[in-house]
Amino acid sequence: DLHQIGSVAYHWLPLKYIGMKDGDGRFNGIANGQIYNGGSLATMMEYPQLAQPGPAAVRLPDNYNKLFPVLGVGRIRRGPASTTVLLKGSNRFLSLRKGKAVIAAVRFASAFFGKGQFIPGSGQRIGDSYALKQELTAAYYQPLDPPRRVTPDTRRSLIRERKQTELCRLTYQATEEETAKGLALHIKTNGQKGVPFTVEINLRGNGRLSGCSASQAAPETLFMDEDYATYSNGGDGIRFGPRLREHSYTEGRGQDKLPGRCVYLTTYTPVDHVIHFEWI
């Protein structure tokens, strides 16, 4: 269910089973609340013990900052507000929620040799913050010496015989730190200079967005008009900024736009910028 809207009802059977077997009121309470969505008569006929009420429900914690090392996930929860950080292996490394206002994903990328998507190669919790890092290298390939014919079938194998020059490096760092109002995302790059760089903030749903205007060519591609933008839905909101707009490059090879409305911040490397997300 990664990057999908899921329901805990799909997990009714294991939740109820473990809740009953271990006498765990947390799991049992979740399962009992989903019995009409996830339970089935056939399952309870096969496992009749699951029809019992089981241990008393225990309220789930909603105020914590916790690392789940096996999953590679950092999770901050403050009542109706939450932040999820994927420490490794996903370009959609950050998502935020305040009630019904949801930022489904935050990503960034640059036009670095067509492979500049930020996909953390390493991540760790440092104190109460989460630090992610990726190192990229690329070079220019010179013609074969001595020259010879290259076909589609031999291109990939022969590239190893071509001399590489002008080796380029680019290091990304992203640090997520909880603040009194929400979260601060500090993005920093080192290495190659003058590369177009773009941050994508993907919004879920049809809430109200202020402080932005849409591209004429693509109505779901938006740039900030004001220093801060606000996304609100059902009385909940997330304010984010400050604005960056130095070019209009939003999509690169290997990282097409996410579905739905996306707000873009654009600049050039080197980058040293803090994006503030504030609960409202």
# chains A, B, ... in the order shown; residues from 1 in each chain; ligands from 1
call {"tool": "select_by_dssp", "arguments": {"residues": "region 11-217 of chain A", "states": "strand (DSSP E or B)", "output": "PyMOL selection string"}}
result
chain A and resi 63-68+73-78+81-86+94-98+101-110+116-117+122-126+129-141+164-178+182-191+196-203+208-210+212-214
call {"tool": "select_by_dssp", "arguments": {"residues": "region 29-258 of chain A", "states": "alpha helix (DSSP H)", "output": "ChimeraX atom specification"}}
result
/A:29-33,35-38,41-46,155-158
call {"tool": "residues_around", "arguments": {"residues": "Gly121 (chain A)", "least_positions_apart": "2", "cutoff": "12 Å", "atoms": "only C-alpha atoms", "output": "list in words"}}
result
Gly72, Leu86, Leu87, Lys88, Gly89, Ser90, Asn91, Phe93, Gln117, Phe118, Ile119, Gly123, Gln124, Ala131, Leu132, Lys133, Gln134, Glu135, Leu136, Thr171, Tyr172, Gln173 and Ala174 of chain A
call {"tool": "residues_around", "arguments": {"residues": "Lys115 (chain A)", "least_positions_apart": "6", "cutoff": "10 Å", "atoms": "only C-alpha atoms", "output": "VMD selection string"}}
result
chain A and resid 109 136 to 138 252 to 255
call {"tool": "residues_around", "arguments": {"residues": "Ile18 (chain A)", "least_positions_apart": "4", "cutoff": "8 Å", "atoms": "only C-alpha atoms", "output": "list of chain:residue names"}}
result
A:Pro14, A:Asp22, A:Gly23, A:Asp24, A:Phe27, A:Asn28
call {"tool": "closest_residue", "arguments": {"among": "A:Lys193, A:His276, A:Lys16, A:Arg204", "to": "Gln52 (chain A)", "atoms": "only C-alpha atoms"}}
result
A:Lys16
call {"tool": "atom_distance", "arguments": {"atom1": "CA of Ile187 (chain A)", "atom2": "CA of Asp62 (chain A)"}}
result
27.8 Å
call {"tool": "closest_residue", "arguments": {"among": "A:Ala9, A:Ala56, A:Pro196, A:Ile126", "to": "Gly39 (chain A)", "atoms": "only C-alpha atoms"}}
result
A:Ala9
call {"tool": "atom_distance", "arguments": {"atom1": "CA of Phe277 (chain A)", "atom2": "CA of Gln216 (chain A)"}}
result
26.8 Å
call {"tool": "closest_residue", "arguments": {"among": "A:Arg208, A:His186, A:Arg239, A:His247", "to": "Val271 (chain A)", "atoms": "only C-alpha atoms"}}
result
A:His186
call {"tool": "residues_around", "arguments": {"residues": "region 41-49 of chain A", "least_positions_apart": "3", "cutoff": "9 Å", "atoms": "only C-alpha atoms", "output": "tab-separated table (two decimals) with C-alpha atoms, in the first residue's frame"}}
result
chain	number	residue	atom	x	y	z
A	13	LEU	CA	-7.99	-10.64	10.37
A	17	TYR	CA	-6.07	-12.61	15.64
A	20	MET	CA	-6.97	-12.10	20.84
A	52	GLN	CA	-15.56	-12.84	20.88
A	54	GLY	CA	-11.66	-9.85	23.40
call {"tool": "residues_around", "arguments": {"residues": "Pro242 (chain A)", "least_positions_apart": "4", "cutoff": "10 Å", "atoms": "only C-alpha atoms", "output": "NGL selection string"}}
result
:A and (224 or 226-229 or 265 or 273-277)
call {"tool": "write_last_selection", "arguments": {"atoms": "N, CA, C and O atoms", "output": "PDB file, in the first residue's frame"}}
result
ATOM      1  N   MET A 224       4.135  29.563  -6.804  1.00  0.00           N
ATOM      2  CA  MET A 224       3.724  30.450  -5.734  1.00  0.00           C
ATOM      3  C   MET A 224       3.808  31.904  -6.165  1.00  0.00           C
ATOM      4  O   MET A 224       4.824  32.338  -6.721  1.00  0.00           O
ATOM      5  N   GLU A 226       2.883  34.315  -3.788  1.00  0.00           N
ATOM      6  CA  GLU A 226       3.197  34.974  -2.529  1.00  0.00           C
ATOM      7  C   GLU A 226       4.320  34.223  -1.818  1.00  0.00           C
ATOM      8  O   GLU A 226       4.702  33.124  -2.226  1.00  0.00           O
ATOM      9  N   ASP A 227       4.833  34.814  -0.760  1.00  0.00           N
ATOM     10  CA  ASP A 227       5.957  34.191  -0.070  1.00  0.00           C
ATOM     11  C   ASP A 227       5.557  32.858   0.554  1.00  0.00           C
ATOM     12  O   ASP A 227       6.368  31.931   0.628  1.00  0.00           O
ATOM     13  N   TYR A 228       4.291  32.757   0.993  1.00  0.00           N
ATOM     14  CA  TYR A 228       3.785  31.515   1.564  1.00  0.00           C
ATOM     15  C   TYR A 228       2.465  31.145   0.899  1.00  0.00           C
ATOM     16  O   TYR A 228       1.691  32.024   0.501  1.00  0.00           O
ATOM     17  N   ALA A 229       2.232  29.833   0.774  1.00  0.00           N
ATOM     18  CA  ALA A 229       0.970  29.321   0.259  1.00  0.00           C
ATOM     19  C   ALA A 229       0.271  28.549   1.369  1.00  0.00           C
ATOM     20  O   ALA A 229       0.909  28.066   2.310  1.00  0.00           O
ATOM     21  N   LEU A 265       8.691  24.805  -6.391  1.00  0.00           N
ATOM     22  CA  LEU A 265       9.703  25.793  -6.024  1.00  0.00           C
ATOM     23  C   LEU A 265      10.916  25.511  -6.901  1.00  0.00           C
ATOM     24  O   LEU A 265      11.361  24.359  -6.997  1.00  0.00           O
ATOM     25  N   HIS A 273      18.259  25.927   1.259  1.00  0.00           N
ATOM     26  CA  HIS A 273      16.937  26.523   1.457  1.00  0.00           C
ATOM     27  C   HIS A 273      16.149  25.710   2.481  1.00  0.00           C
ATOM     28  O   HIS A 273      16.196  24.481   2.479  1.00  0.00           O
ATOM     29  N   VAL A 274      15.415  26.399   3.321  1.00  0.00           N
ATOM     30  CA  VAL A 274      14.564  25.770   4.341  1.00  0.00           C
ATOM     31  C   VAL A 274      13.113  26.038   3.977  1.00  0.00           C
ATOM     32  O   VAL A 274      12.699  27.191   3.822  1.00  0.00           O
ATOM     33  N   ILE A 275      12.339  24.961   3.807  1.00  0.00           N
ATOM     34  CA  ILE A 275      10.901  25.072   3.573  1.00  0.00           C
ATOM     35  C   ILE A 275      10.199  24.807   4.891  1.00  0.00           C
ATOM     36  O   ILE A 275      10.403  23.775   5.535  1.00  0.00           O
ATOM     37  N   HIS A 276       9.355  25.745   5.313  1.00  0.00           N
ATOM     38  CA  HIS A 276       8.612  25.600   6.564  1.00  0.00           C
ATOM     39  C   HIS A 276       7.192  25.136   6.253  1.00  0.00           C
ATOM     40  O   HIS A 276       6.513  25.709   5.401  1.00  0.00           O
ATOM     41  N   PHE A 277       6.768  24.096   6.959  1.00  0.00           N
ATOM     42  CA  PHE A 277       5.380  23.604   6.892  1.00  0.00           C
ATOM     43  C   PHE A 277       4.762  23.870   8.263  1.00  0.00           C
ATOM     44  O   PHE A 277       5.266  23.386   9.280  1.00  0.00           O
TER      45      PHE A 277
END
call {"tool": "atom_distance", "arguments": {"atom1": "CA of Thr266 (chain A)", "atom2": "CA of Ala111 (chain A)"}}
result
11.7 Å
call {"tool": "closest_residue", "arguments": {"among": "A:Arg125, A:Lys98, A:Arg59, A:Arg107", "to": "Tyr264 (chain A)", "atoms": "only C-alpha atoms"}}
result
A:Arg107
call {"tool": "closest_residue", "arguments": {"among": "A:Thr198, A:Thr230, A:Thr269, A:Gln192", "to": "Val102 (chain A)", "atoms": "only C-alpha atoms"}}
result
A:Thr230
call {"tool": "closest_residue", "arguments": {"among": "A:Lys163, A:Leu258, A:Ser248, A:Thr267", "to": "Gly194 (chain A)", "atoms": "only C-alpha atoms"}}
result
A:Thr267
